[in-house]
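Student: I'd like to ask some things about the structure below.
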There are 2 protein chains.
Amino acid sequence: MDDFFTLRTVTWEDGAVRMIDQTALPIKLSYVRYTRPDQVASAIKTMVVRGAPAIGVAAAMGLALAAARSRATKLPDFMREMESAAAMLRATRPTAVNLFWGIDRVMKKAGSAPSVRQAKEAVSAEVKAMEEEDIQVNRRLGSNGANLIHDGDTVLTQCNAGALATVGYGTALGVVRAAVEQGKLVRVLVPETRPALQGARLTAFELARDRIACTLISDTAVGHMMSLGRVDCVIVGADRITRDGYVFNKIGTYQEAVLAKRHGIPFYPAAPSSTFDLARIHGNVIIEERGADEVVKIRGKRIAPKGVPVANPAFDMTPPELVTSMITERGLISAPFEENIPRLIS
Amino acid sequence: MDDFFTLRTVTWEDGAVRMIDQTALPIKLSYVRYTRPDQVASAIKTMVVRGAPAIGVAAAMGLALAAARSRATKLPDFMREMESAAAMLRATRPTAVNLFWGIDRVMKKAGSAPSVRQAKEAVSAEVKAMEEEDIQVNRRLGSNGANLIHDGDTVLTQCNAGALATVGYGTALGVVRAAVEQGKLVRVLVPETRPALQGARLTAFELARDRIACTLISDTAVGHMMSLGRVDCVIVGADRITRDGYVFNKIGTYQEAVLAKRHGIPFYPAAPSSTFDLARIHGNVIIEERGADEVVKIRGKRIAPKGVPVANPAFDMTPPELVTSMITERGLISAPFEENIPRLIS
């Protein structure tokens, strides 16, 4: 079974970052290779790479490229260059906390080295370690969540919280993969997830590649499928979970949670500890607003009248009262979340 | 203000039906002209014309084309041709009851005429009357609903229940137009309504044309916009409302109703009496399942992997407990719906 789960979204190649170009999926599985931090920043902005854990690792690697390219001979000069690259990478996208987590982790390594040479080595080793850790964390997370899925279940998800949202294996889809590895028959119900279509383009692609059964639906059909009894549980990823238990995730997640509550269907966010933001409560999180073109054009074709005003929030917020449990690599977290999150994650 | 509201979706031209080709919108406002009933049947199936009231009138006119073209000299022969055309038109789409209402109304006229010549005249006069009636009914409906909208309100809708879903003026958007005619400032929040994108393509088009403010969103953003307090009420159309108060409408309506309930936002279906089906309760309505291509391709461009299984229900069912009031040309209907629907509509 392991042979199937081989997609590697982001790879560190000593002085270069190799990534799947997710804007080309599902038409074509192709890779890009970057050697400059600004290329990585641009890739994060334009969603060549996306998914909270994946952009955390990608941003860290972008910073490692800045380290590798530096011609500084003195540590303060080196650190100034690193700070500048970090600022550029931090400004790419505001909502997923993993981005800041990945950057901070690399900056800490760089800042504690005694020389530029050692800083460069430490940073390179750190991002390679983060890459490997990501998969191990997702496997533990998957294993912790797999018992929540019963043989024959249909799991509704949202967006792509799979191998393509991480280095590999996935968070929400990691739980599905772990259940499949346990020999369970699982079907994934995949909303296409407008505007960027990560469900149709990415989740359907990676599930088909791993021969996991799925059914694609329009985002409008979520409630109807639940009302027909065709959803056994909801498992989604997360871009940030605040100390008080609010889950920030791809737009459309909140309405899935409300609908799940109405239908008595369990709702599980699945996220590594790097997605938890113990420093913030829900009121202090910025929800990214993206450009109108994502909504009014699809693959270059216009679908709405020119000039129509558009609102395009990229994420939404699900309050803890709608969450059954959170699935992490350290175990499950249940209510009261504001007590149990700091206990397990700190 | 009246000058603005001039879109005519379906027109009877004595031996021909003229329709806006809605598949070409919003790129181009173009018209098609049909002289054979099979052309009209095909136009209904492929959504050249769509929207429950519009397909009711279009189907009636399709049948009127069969009458106009008939070379039968004897009434029984004439009626056999009419029955055959009616059967073809009935088989186009199963969910909107207006289709059957329109066909039945023409068949009744034809069947009560004393000669073929008089039957032809009666049928032609009937469909012209239905065309005019549709607009008058929508204006009354709009006027009945307009008081539910307050100055400055944002109205969330779904799909297109506007001029393009009727002969003209619209049902849900007729209510908005009537509020605008009262001098109220109204903004319409328009979910794009995948898969067929009637919100983005049609509702945004006709509102822009009539200079009514609107904001286009992805279907995933409905719940989020409500949670931000950006929706004052929901007004949608209907394809069939059963005797027991269940509202069948475009896929995505049900989840809007569930979300509205959670946020304490009133939810109003707006429909003419021809949309009510007093002969049926909710368990006996067929929800049309349409082809996968609507979901996996947009304007000819593939957005999902080849071969991915798709579920594409075109409609869903909203139970009466989620409905605040129904807006009809005969007045508002409130709970208990199973008592008040037969009282007002029969």
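Numbering starts fresh at 1 for the residues of each chain in the structure tokens, the chains themselves are lettered A, B, ... in the order given, and ligands are numbered from 1 as they appear.
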Near chain A, which residues of chain B fall within 9 Å when you count only C-alpha atoms, and what do they look like as a PyMOL selection string?

Tutor: chain B and resi 25-27+192-195+197+199-202+204-205+208+213-224+227+250-256+258-259+262+295-296+298-299+301-306+308-317

Student: Would you mind exporting the chosen residues as a PDB file, in the first residue's frame, restricted to C-alpha atoms?

Tutor:
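The result, written out as selection.pdb:
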```
ATOM      1  CA  LEU B  25     -24.846  34.752 -21.483  1.00  0.00           C
ATOM      2  CA  PRO B  26     -23.142  36.764 -20.072  1.00  0.00           C
ATOM      3  CA  ILE B  27     -20.777  36.989 -23.033  1.00  0.00           C
ATOM      4  CA  GLU B 192     -22.349  31.896  -8.615  1.00  0.00           C
ATOM      5  CA  THR B 193     -24.444  28.697  -8.350  1.00  0.00           C
ATOM      6  CA  ARG B 194     -22.360  25.866  -9.642  1.00  0.00           C
ATOM      7  CA  PRO B 195     -22.509  23.788 -11.664  1.00  0.00           C
ATOM      8  CA  LEU B 197     -23.361  29.152 -12.955  1.00  0.00           C
ATOM      9  CA  GLY B 199     -25.820  33.261 -10.547  1.00  0.00           C
ATOM     10  CA  ALA B 200     -22.587  34.432 -12.165  1.00  0.00           C
ATOM     11  CA  ARG B 201     -23.843  34.249 -15.741  1.00  0.00           C
ATOM     12  CA  LEU B 202     -27.474  35.320 -15.518  1.00  0.00           C
ATOM     13  CA  ALA B 204     -25.196  39.225 -12.292  1.00  0.00           C
ATOM     14  CA  PHE B 205     -25.976  40.033 -15.943  1.00  0.00           C
ATOM     15  CA  ALA B 208     -26.046  44.940 -13.932  1.00  0.00           C
ATOM     16  CA  ALA B 213     -26.166  46.737  -7.056  1.00  0.00           C
ATOM     17  CA  CYS B 214     -24.834  43.226  -6.646  1.00  0.00           C
ATOM     18  CA  THR B 215     -21.805  41.363  -5.309  1.00  0.00           C
ATOM     19  CA  LEU B 216     -20.808  38.011  -6.756  1.00  0.00           C
ATOM     20  CA  ILE B 217     -19.449  35.307  -4.419  1.00  0.00           C
ATOM     21  CA  SER B 218     -18.441  31.672  -4.672  1.00  0.00           C
ATOM     22  CA  ASP B 219     -21.021  29.226  -3.336  1.00  0.00           C
ATOM     23  CA  THR B 220     -18.540  28.396  -0.563  1.00  0.00           C
ATOM     24  CA  ALA B 221     -18.765  31.934   0.845  1.00  0.00           C
ATOM     25  CA  VAL B 222     -22.477  31.965   1.723  1.00  0.00           C
ATOM     26  CA  GLY B 223     -22.069  30.932   5.367  1.00  0.00           C
ATOM     27  CA  HIS B 224     -19.087  33.213   5.901  1.00  0.00           C
ATOM     28  CA  SER B 227     -21.454  35.139   9.853  1.00  0.00           C
ATOM     29  CA  LYS B 250     -31.838  24.884  -7.442  1.00  0.00           C
ATOM     30  CA  ILE B 251     -29.156  22.851  -5.684  1.00  0.00           C
ATOM     31  CA  GLY B 252     -27.622  24.944  -2.904  1.00  0.00           C
ATOM     32  CA  THR B 253     -30.921  26.432  -1.737  1.00  0.00           C
ATOM     33  CA  TYR B 254     -31.278  23.969   1.130  1.00  0.00           C
ATOM     34  CA  GLN B 255     -27.910  24.850   2.601  1.00  0.00           C
ATOM     35  CA  GLU B 256     -28.706  28.568   2.340  1.00  0.00           C
ATOM     36  CA  VAL B 258     -30.024  25.937   7.017  1.00  0.00           C
ATOM     37  CA  LEU B 259     -27.422  28.694   7.310  1.00  0.00           C
ATOM     38  CA  ARG B 262     -28.575  29.445  12.250  1.00  0.00           C
ATOM     39  CA  VAL B 295     -19.270  19.589 -13.096  1.00  0.00           C
ATOM     40  CA  VAL B 296     -15.974  18.482 -14.691  1.00  0.00           C
ATOM     41  CA  ILE B 298     -16.518  24.806 -17.412  1.00  0.00           C
ATOM     42  CA  ARG B 299     -16.993  26.577 -20.736  1.00  0.00           C
ATOM     43  CA  LYS B 301     -12.267  23.587 -20.137  1.00  0.00           C
ATOM     44  CA  ARG B 302     -11.645  20.499 -18.029  1.00  0.00           C
ATOM     45  CA  ILE B 303     -11.233  21.220 -14.303  1.00  0.00           C
ATOM     46  CA  ALA B 304     -11.150  17.683 -12.852  1.00  0.00           C
ATOM     47  CA  PRO B 305      -9.272  14.481 -13.695  1.00  0.00           C
ATOM     48  CA  LYS B 306     -10.732  12.323 -16.461  1.00  0.00           C
ATOM     49  CA  VAL B 308     -13.664  10.933 -11.752  1.00  0.00           C
ATOM     50  CA  PRO B 309     -17.127   9.825 -10.540  1.00  0.00           C
ATOM     51  CA  VAL B 310     -19.558  12.726 -10.191  1.00  0.00           C
ATOM     52  CA  ALA B 311     -22.893  13.292  -8.476  1.00  0.00           C
ATOM     53  CA  ASN B 312     -24.807  16.194 -10.033  1.00  0.00           C
ATOM     54  CA  PRO B 313     -28.252  16.668  -8.488  1.00  0.00           C
ATOM     55  CA  ALA B 314     -29.813  19.777 -10.059  1.00  0.00           C
ATOM     56  CA  PHE B 315     -32.219  20.573  -7.234  1.00  0.00           C
ATOM     57  CA  ASP B 316     -32.654  20.111  -3.520  1.00  0.00           C
ATOM     58  CA  MET B 317     -35.478  20.193  -1.008  1.00  0.00           C
TER      59      MET B 317
END
```

Student: Within 7 Å of segment 265-281 of chain B, counting only C-alpha atoms, which residues qualify if same-chain residues fewer than 5 places away don't, as a PDB file with all heavy atoms, in the first residue's frame?

Tutor:
```
ATOM      1  N   VAL B  97     -42.545  22.038 -11.692  1.00  0.00           N
ATOM      2  CA  VAL B  97     -43.928  21.652 -11.980  1.00  0.00           C
ATOM      3  C   VAL B  97     -44.546  22.579 -13.024  1.00  0.00           C
ATOM      4  O   VAL B  97     -45.493  22.206 -13.722  1.00  0.00           O
ATOM      5  CB  VAL B  97     -44.770  21.620 -10.680  1.00  0.00           C
ATOM      6  CG1 VAL B  97     -45.085  23.019 -10.194  1.00  0.00           C
ATOM      7  CG2 VAL B  97     -46.040  20.801 -10.869  1.00  0.00           C
ATOM      8  N   ASN B  98     -44.015  23.766 -13.176  1.00  0.00           N
ATOM      9  CA  ASN B  98     -44.550  24.736 -14.141  1.00  0.00           C
ATOM     10  C   ASN B  98     -44.550  24.168 -15.551  1.00  0.00           C
ATOM     11  O   ASN B  98     -45.397  24.503 -16.373  1.00  0.00           O
ATOM     12  CB  ASN B  98     -43.718  26.021 -14.142  1.00  0.00           C
ATOM     13  CG  ASN B  98     -43.499  26.549 -12.745  1.00  0.00           C
ATOM     14  OD1 ASN B  98     -42.922  25.854 -11.922  1.00  0.00           O
ATOM     15  ND2 ASN B  98     -43.967  27.752 -12.474  1.00  0.00           N
ATOM     16  N   TRP B 101     -47.657  22.222 -15.761  1.00  0.00           N
ATOM     17  CA  TRP B 101     -48.749  23.208 -15.678  1.00  0.00           C
ATOM     18  C   TRP B 101     -48.955  23.877 -17.033  1.00  0.00           C
ATOM     19  O   TRP B 101     -50.075  24.001 -17.520  1.00  0.00           O
ATOM     20  CB  TRP B 101     -48.393  24.230 -14.593  1.00  0.00           C
ATOM     21  CG  TRP B 101     -49.223  25.481 -14.594  1.00  0.00           C
ATOM     22  CD1 TRP B 101     -50.414  25.673 -13.965  1.00  0.00           C
ATOM     23  CD2 TRP B 101     -48.898  26.712 -15.259  1.00  0.00           C
ATOM     24  NE1 TRP B 101     -50.860  26.949 -14.192  1.00  0.00           N
ATOM     25  CE2 TRP B 101     -49.960  27.607 -14.987  1.00  0.00           C
ATOM     26  CE3 TRP B 101     -47.847  27.146 -16.050  1.00  0.00           C
ATOM     27  CZ2 TRP B 101     -49.980  28.913 -15.488  1.00  0.00           C
ATOM     28  CZ3 TRP B 101     -47.857  28.430 -16.536  1.00  0.00           C
ATOM     29  CH2 TRP B 101     -48.910  29.306 -16.257  1.00  0.00           C
ATOM     30  N   VAL B 137     -48.244  38.576 -13.114  1.00  0.00           N
ATOM     31  CA  VAL B 137     -48.154  37.775 -11.889  1.00  0.00           C
ATOM     32  C   VAL B 137     -46.881  38.128 -11.129  1.00  0.00           C
ATOM     33  O   VAL B 137     -46.894  38.305  -9.908  1.00  0.00           O
ATOM     34  CB  VAL B 137     -48.203  36.269 -12.249  1.00  0.00           C
ATOM     35  CG1 VAL B 137     -47.630  35.409 -11.130  1.00  0.00           C
ATOM     36  CG2 VAL B 137     -49.635  35.850 -12.576  1.00  0.00           C
ATOM     37  N   THR B 171     -39.160  36.473 -10.270  1.00  0.00           N
ATOM     38  CA  THR B 171     -39.857  36.141  -9.029  1.00  0.00           C
ATOM     39  C   THR B 171     -39.031  36.692  -7.857  1.00  0.00           C
ATOM     40  O   THR B 171     -39.319  37.777  -7.364  1.00  0.00           O
ATOM     41  CB  THR B 171     -40.092  34.621  -8.926  1.00  0.00           C
ATOM     42  OG1 THR B 171     -38.864  33.924  -9.129  1.00  0.00           O
ATOM     43  CG2 THR B 171     -41.089  34.169  -9.979  1.00  0.00           C
ATOM     44  N   ALA B 172     -37.987  35.972  -7.443  1.00  0.00           N
ATOM     45  CA  ALA B 172     -37.138  36.496  -6.347  1.00  0.00           C
ATOM     46  C   ALA B 172     -36.587  37.871  -6.722  1.00  0.00           C
ATOM     47  O   ALA B 172     -36.648  38.820  -5.936  1.00  0.00           O
ATOM     48  CB  ALA B 172     -36.003  35.520  -6.042  1.00  0.00           C
ATOM     49  N   ASP B 232     -29.153  40.333   4.986  1.00  0.00           N
ATOM     50  CA  ASP B 232     -30.334  40.723   5.757  1.00  0.00           C
ATOM     51  C   ASP B 232     -31.510  39.782   5.542  1.00  0.00           C
ATOM     52  O   ASP B 232     -32.323  39.581   6.439  1.00  0.00           O
ATOM     53  CB  ASP B 232     -30.727  42.162   5.403  1.00  0.00           C
ATOM     54  CG  ASP B 232     -29.629  43.138   5.801  1.00  0.00           C
ATOM     55  OD1 ASP B 232     -29.336  43.225   7.007  1.00  0.00           O
ATOM     56  OD2 ASP B 232     -29.032  43.767   4.908  1.00  0.00           O
ATOM     57  N   CYS B 233     -31.631  39.250   4.340  1.00  0.00           N
ATOM     58  CA  CYS B 233     -32.656  38.233   4.117  1.00  0.00           C
ATOM     59  C   CYS B 233     -32.275  37.408   2.895  1.00  0.00           C
ATOM     60  O   CYS B 233     -31.406  37.804   2.106  1.00  0.00           O
ATOM     61  CB  CYS B 233     -34.047  38.845   3.936  1.00  0.00           C
ATOM     62  SG  CYS B 233     -34.235  39.827   2.442  1.00  0.00           S
ATOM     63  N   VAL B 234     -32.890  36.240   2.785  1.00  0.00           N
ATOM     64  CA  VAL B 234     -32.663  35.364   1.639  1.00  0.00           C
ATOM     65  C   VAL B 234     -33.957  35.290   0.837  1.00  0.00           C
ATOM     66  O   VAL B 234     -35.027  35.045   1.406  1.00  0.00           O
ATOM     67  CB  VAL B 234     -32.263  33.938   2.087  1.00  0.00           C
ATOM     68  CG1 VAL B 234     -31.974  33.054   0.880  1.00  0.00           C
ATOM     69  CG2 VAL B 234     -31.067  33.982   3.037  1.00  0.00           C
ATOM     70  N   ILE B 235     -33.879  35.563  -0.456  1.00  0.00           N
ATOM     71  CA  ILE B 235     -35.051  35.395  -1.327  1.00  0.00           C
ATOM     72  C   ILE B 235     -34.621  34.546  -2.514  1.00  0.00           C
ATOM     73  O   ILE B 235     -33.681  34.893  -3.236  1.00  0.00           O
ATOM     74  CB  ILE B 235     -35.614  36.744  -1.823  1.00  0.00           C
ATOM     75  CG1 ILE B 235     -35.824  37.713  -0.644  1.00  0.00           C
ATOM     76  CG2 ILE B 235     -36.926  36.517  -2.570  1.00  0.00           C
ATOM     77  CD1 ILE B 235     -36.445  39.054  -1.044  1.00  0.00           C
ATOM     78  N   VAL B 236     -35.291  33.418  -2.687  1.00  0.00           N
ATOM     79  CA  VAL B 236     -34.958  32.487  -3.773  1.00  0.00           C
ATOM     80  C   VAL B 236     -36.224  32.176  -4.569  1.00  0.00           C
ATOM     81  O   VAL B 236     -37.335  32.469  -4.126  1.00  0.00           O
ATOM     82  CB  VAL B 236     -34.382  31.172  -3.202  1.00  0.00           C
ATOM     83  CG1 VAL B 236     -33.068  31.424  -2.463  1.00  0.00           C
ATOM     84  CG2 VAL B 236     -35.382  30.480  -2.281  1.00  0.00           C
ATOM     85  N   GLY B 237     -36.072  31.590  -5.722  1.00  0.00           N
ATOM     86  CA  GLY B 237     -37.205  31.117  -6.489  1.00  0.00           C
ATOM     87  C   GLY B 237     -37.607  29.724  -6.035  1.00  0.00           C
ATOM     88  O   GLY B 237     -37.186  29.261  -4.972  1.00  0.00           O
ATOM     89  N   ALA B 238     -38.424  29.056  -6.831  1.00  0.00           N
ATOM     90  CA  ALA B 238     -38.782  27.662  -6.543  1.00  0.00           C
ATOM     91  C   ALA B 238     -39.155  26.983  -7.849  1.00  0.00           C
ATOM     92  O   ALA B 238     -39.676  27.629  -8.770  1.00  0.00           O
ATOM     93  CB  ALA B 238     -39.928  27.579  -5.551  1.00  0.00           C
ATOM     94  N   ASP B 239     -38.862  25.694  -7.924  1.00  0.00           N
ATOM     95  CA  ASP B 239     -39.256  24.899  -9.082  1.00  0.00           C
ATOM     96  C   ASP B 239     -40.518  24.094  -8.804  1.00  0.00           C
ATOM     97  O   ASP B 239     -41.233  23.721  -9.727  1.00  0.00           O
ATOM     98  CB  ASP B 239     -38.108  23.982  -9.497  1.00  0.00           C
ATOM     99  CG  ASP B 239     -36.978  24.793 -10.100  1.00  0.00           C
ATOM    100  OD1 ASP B 239     -36.171  25.353  -9.332  1.00  0.00           O
ATOM    101  OD2 ASP B 239     -36.945  24.918 -11.337  1.00  0.00           O
ATOM    102  N   ARG B 240     -40.756  23.816  -7.530  1.00  0.00           N
ATOM    103  CA  ARG B 240     -41.982  23.129  -7.134  1.00  0.00           C
ATOM    104  C   ARG B 240     -42.138  23.278  -5.624  1.00  0.00           C
ATOM    105  O   ARG B 240     -41.179  23.106  -4.885  1.00  0.00           O
ATOM    106  CB  ARG B 240     -41.908  21.644  -7.524  1.00  0.00           C
ATOM    107  CG  ARG B 240     -43.224  20.898  -7.368  1.00  0.00           C
ATOM    108  CD  ARG B 240     -43.086  19.396  -7.634  1.00  0.00           C
ATOM    109  NE  ARG B 240     -42.662  19.026  -8.973  1.00  0.00           N
ATOM    110  CZ  ARG B 240     -43.335  18.227  -9.808  1.00  0.00           C
ATOM    111  NH1 ARG B 240     -44.523  17.750  -9.442  1.00  0.00           N
ATOM    112  NH2 ARG B 240     -42.842  17.904 -10.982  1.00  0.00           N
ATOM    113  N   ILE B 241     -43.321  23.625  -5.203  1.00  0.00           N
ATOM    114  CA  ILE B 241     -43.610  23.648  -3.763  1.00  0.00           C
ATOM    115  C   ILE B 241     -44.770  22.692  -3.540  1.00  0.00           C
ATOM    116  O   ILE B 241     -45.840  22.848  -4.136  1.00  0.00           O
ATOM    117  CB  ILE B 241     -43.964  25.069  -3.275  1.00  0.00           C
ATOM    118  CG1 ILE B 241     -42.781  26.032  -3.532  1.00  0.00           C
ATOM    119  CG2 ILE B 241     -44.321  25.054  -1.784  1.00  0.00           C
ATOM    120  CD1 ILE B 241     -43.062  27.500  -3.192  1.00  0.00           C
ATOM    121  N   THR B 242     -44.532  21.681  -2.721  1.00  0.00           N
ATOM    122  CA  THR B 242     -45.563  20.665  -2.534  1.00  0.00           C
ATOM    123  C   THR B 242     -46.604  21.115  -1.520  1.00  0.00           C
ATOM    124  O   THR B 242     -46.390  22.071  -0.766  1.00  0.00           O
ATOM    125  CB  THR B 242     -44.943  19.328  -2.087  1.00  0.00           C
ATOM    126  OG1 THR B 242     -44.131  19.564  -0.931  1.00  0.00           O
ATOM    127  CG2 THR B 242     -44.082  18.747  -3.197  1.00  0.00           C
ATOM    128  N   ARG B 243     -47.717  20.412  -1.492  1.00  0.00           N
ATOM    129  CA  ARG B 243     -48.844  20.737  -0.616  1.00  0.00           C
ATOM    130  C   ARG B 243     -48.419  20.861   0.845  1.00  0.00           C
ATOM    131  O   ARG B 243     -48.953  21.651   1.611  1.00  0.00           O
ATOM    132  CB  ARG B 243     -49.879  19.614  -0.765  1.00  0.00           C
ATOM    133  CG  ARG B 243     -51.230  19.908  -0.196  1.00  0.00           C
ATOM    134  CD  ARG B 243     -52.147  18.716  -0.422  1.00  0.00           C
ATOM    135  NE  ARG B 243     -51.628  17.527   0.244  1.00  0.00           N
ATOM    136  CZ  ARG B 243     -51.776  16.283  -0.187  1.00  0.00           C
ATOM    137  NH1 ARG B 243     -52.439  16.044  -1.308  1.00  0.00           N
ATOM    138  NH2 ARG B 243     -51.283  15.266   0.480  1.00  0.00           N
ATOM    139  N   ASP B 244     -47.409  20.047   1.223  1.00  0.00           N
ATOM    140  CA  ASP B 244     -46.951  20.039   2.614  1.00  0.00           C
ATOM    141  C   ASP B 244     -45.836  21.052   2.880  1.00  0.00           C
ATOM    142  O   ASP B 244     -45.179  20.998   3.922  1.00  0.00           O
ATOM    143  CB  ASP B 244     -46.536  18.625   3.040  1.00  0.00           C
ATOM    144  CG  ASP B 244     -45.589  17.950   2.059  1.00  0.00           C
ATOM    145  OD1 ASP B 244     -45.404  18.495   0.939  1.00  0.00           O
ATOM    146  OD2 ASP B 244     -45.026  16.896   2.390  1.00  0.00           O
ATOM    147  N   ALA B 257     -30.800  27.837   3.326  1.00  0.00           N
ATOM    148  CA  ALA B 257     -31.891  27.890   4.313  1.00  0.00           C
ATOM    149  C   ALA B 257     -31.397  27.454   5.687  1.00  0.00           C
ATOM    150  O   ALA B 257     -31.744  28.067   6.705  1.00  0.00           O
ATOM    151  CB  ALA B 257     -33.056  27.014   3.850  1.00  0.00           C
ATOM    152  N   ALA B 260     -29.271  30.256   7.009  1.00  0.00           N
ATOM    153  CA  ALA B 260     -30.110  31.398   7.385  1.00  0.00           C
ATOM    154  C   ALA B 260     -30.729  31.154   8.762  1.00  0.00           C
ATOM    155  O   ALA B 260     -30.748  32.045   9.619  1.00  0.00           O
ATOM    156  CB  ALA B 260     -31.191  31.637   6.334  1.00  0.00           C
ATOM    157  N   VAL B 323     -38.539  27.752   6.401  1.00  0.00           N
ATOM    158  CA  VAL B 323     -39.121  28.820   5.583  1.00  0.00           C
ATOM    159  C   VAL B 323     -39.813  29.841   6.482  1.00  0.00           C
ATOM    160  O   VAL B 323     -40.646  29.476   7.318  1.00  0.00           O
ATOM    161  CB  VAL B 323     -40.140  28.235   4.575  1.00  0.00           C
ATOM    162  CG1 VAL B 323     -40.848  29.352   3.818  1.00  0.00           C
ATOM    163  CG2 VAL B 323     -39.444  27.269   3.618  1.00  0.00           C
ATOM    164  N   THR B 324     -39.490  31.110   6.302  1.00  0.00           N
ATOM    165  CA  THR B 324     -40.137  32.172   7.073  1.00  0.00           C
ATOM    166  C   THR B 324     -41.530  32.441   6.494  1.00  0.00           C
ATOM    167  O   THR B 324     -42.527  32.345   7.200  1.00  0.00           O
ATOM    168  CB  THR B 324     -39.280  33.453   7.052  1.00  0.00           C
ATOM    169  OG1 THR B 324     -37.947  33.101   7.438  1.00  0.00           O
ATOM    170  CG2 THR B 324     -39.836  34.519   7.982  1.00  0.00           C
ATOM    171  N   SER B 325     -41.577  32.820   5.214  1.00  0.00           N
ATOM    172  CA  SER B 325     -42.853  32.965   4.508  1.00  0.00           C
ATOM    173  C   SER B 325     -42.600  32.684   3.041  1.00  0.00           C
ATOM    174  O   SER B 325     -41.474  32.822   2.569  1.00  0.00           O
ATOM    175  CB  SER B 325     -43.397  34.393   4.584  1.00  0.00           C
ATOM    176  OG  SER B 325     -43.608  34.795   5.890  1.00  0.00           O
ATOM    177  N   MET B 326     -43.643  32.302   2.333  1.00  0.00           N
ATOM    178  CA  MET B 326     -43.566  32.166   0.888  1.00  0.00           C
ATOM    179  C   MET B 326     -44.235  33.386   0.269  1.00  0.00           C
ATOM    180  O   MET B 326     -45.285  33.827   0.742  1.00  0.00           O
ATOM    181  CB  MET B 326     -44.277  30.891   0.437  1.00  0.00           C
ATOM    182  CG  MET B 326     -43.633  29.636   1.017  1.00  0.00           C
ATOM    183  SD  MET B 326     -44.603  28.162   0.685  1.00  0.00           S
ATOM    184  CE  MET B 326     -43.619  26.916   1.560  1.00  0.00           C
ATOM    185  N   ILE B 327     -43.601  33.914  -0.785  1.00  0.00           N
ATOM    186  CA  ILE B 327     -44.134  35.107  -1.444  1.00  0.00           C
ATOM    187  C   ILE B 327     -44.793  34.679  -2.754  1.00  0.00           C
ATOM    188  O   ILE B 327     -44.133  34.090  -3.613  1.00  0.00           O
ATOM    189  CB  ILE B 327     -42.998  36.118  -1.734  1.00  0.00           C
ATOM    190  CG1 ILE B 327     -42.213  36.453  -0.456  1.00  0.00           C
ATOM    191  CG2 ILE B 327     -43.564  37.386  -2.382  1.00  0.00           C
ATOM    192  CD1 ILE B 327     -40.891  37.198  -0.715  1.00  0.00           C
ATOM    193  N   THR B 328     -46.086  34.934  -2.907  1.00  0.00           N
ATOM    194  CA  THR B 328     -46.793  34.585  -4.144  1.00  0.00           C
ATOM    195  C   THR B 328     -47.550  35.812  -4.653  1.00  0.00           C
ATOM    196  O   THR B 328     -47.663  36.818  -3.946  1.00  0.00           O
ATOM    197  CB  THR B 328     -47.817  33.445  -3.935  1.00  0.00           C
ATOM    198  OG1 THR B 328     -49.028  34.002  -3.405  1.00  0.00           O
ATOM    199  CG2 THR B 328     -47.282  32.384  -2.987  1.00  0.00           C
ATOM    200  N   GLU B 329     -48.099  35.689  -5.869  1.00  0.00           N
ATOM    201  CA  GLU B 329     -48.874  36.806  -6.417  1.00  0.00           C
ATOM    202  C   GLU B 329     -50.206  36.962  -5.697  1.00  0.00           C
ATOM    203  O   GLU B 329     -50.873  37.994  -5.823  1.00  0.00           O
ATOM    204  CB  GLU B 329     -49.077  36.620  -7.928  1.00  0.00           C
ATOM    205  CG  GLU B 329     -50.200  35.694  -8.360  1.00  0.00           C
ATOM    206  CD  GLU B 329     -49.815  34.217  -8.332  1.00  0.00           C
ATOM    207  OE1 GLU B 329     -48.821  33.858  -7.644  1.00  0.00           O
ATOM    208  OE2 GLU B 329     -50.504  33.410  -8.998  1.00  0.00           O
ATOM    209  N   PRO B 342     -52.929  25.154   0.701  1.00  0.00           N
ATOM    210  CA  PRO B 342     -54.184  24.832  -0.013  1.00  0.00           C
ATOM    211  C   PRO B 342     -55.216  25.955   0.089  1.00  0.00           C
ATOM    212  O   PRO B 342     -55.964  26.205  -0.851  1.00  0.00           O
ATOM    213  CB  PRO B 342     -54.684  23.568   0.692  1.00  0.00           C
ATOM    214  CG  PRO B 342     -53.486  23.000   1.380  1.00  0.00           C
ATOM    215  CD  PRO B 342     -52.605  24.167   1.728  1.00  0.00           C
ATOM    216  N   ILE B 345     -53.882  28.791  -2.465  1.00  0.00           N
ATOM    217  CA  ILE B 345     -53.528  28.433  -3.838  1.00  0.00           C
ATOM    218  C   ILE B 345     -54.635  27.699  -4.583  1.00  0.00           C
ATOM    219  O   ILE B 345     -54.811  27.893  -5.782  1.00  0.00           O
ATOM    220  CB  ILE B 345     -52.236  27.569  -3.843  1.00  0.00           C
ATOM    221  CG1 ILE B 345     -51.078  28.354  -3.217  1.00  0.00           C
ATOM    222  CG2 ILE B 345     -51.878  27.118  -5.256  1.00  0.00           C
ATOM    223  CD1 ILE B 345     -50.733  29.661  -3.934  1.00  0.00           C
TER     224      ILE B 345
END
```

Student: So which bits of segment 73-291 of chain B end up strand (DSSP E or B) when you DSSP the backbone, as a VMD selection string?

Tutor: chain B and resid 154 to 156 187 to 191 213 to 217 233 to 236 240 to 242 247 to 250 267 to 270 276 to 277 289

Student: Rounded to one decimal, what separation in Å do you get between atom CA of Asp21 of chain A and atom CA of Ala59 of chain A?

Tutor: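 We find that atom CA of Asp21 of chain A and atom CA of Ala59 of chain A lie 15.4 Å from each other.
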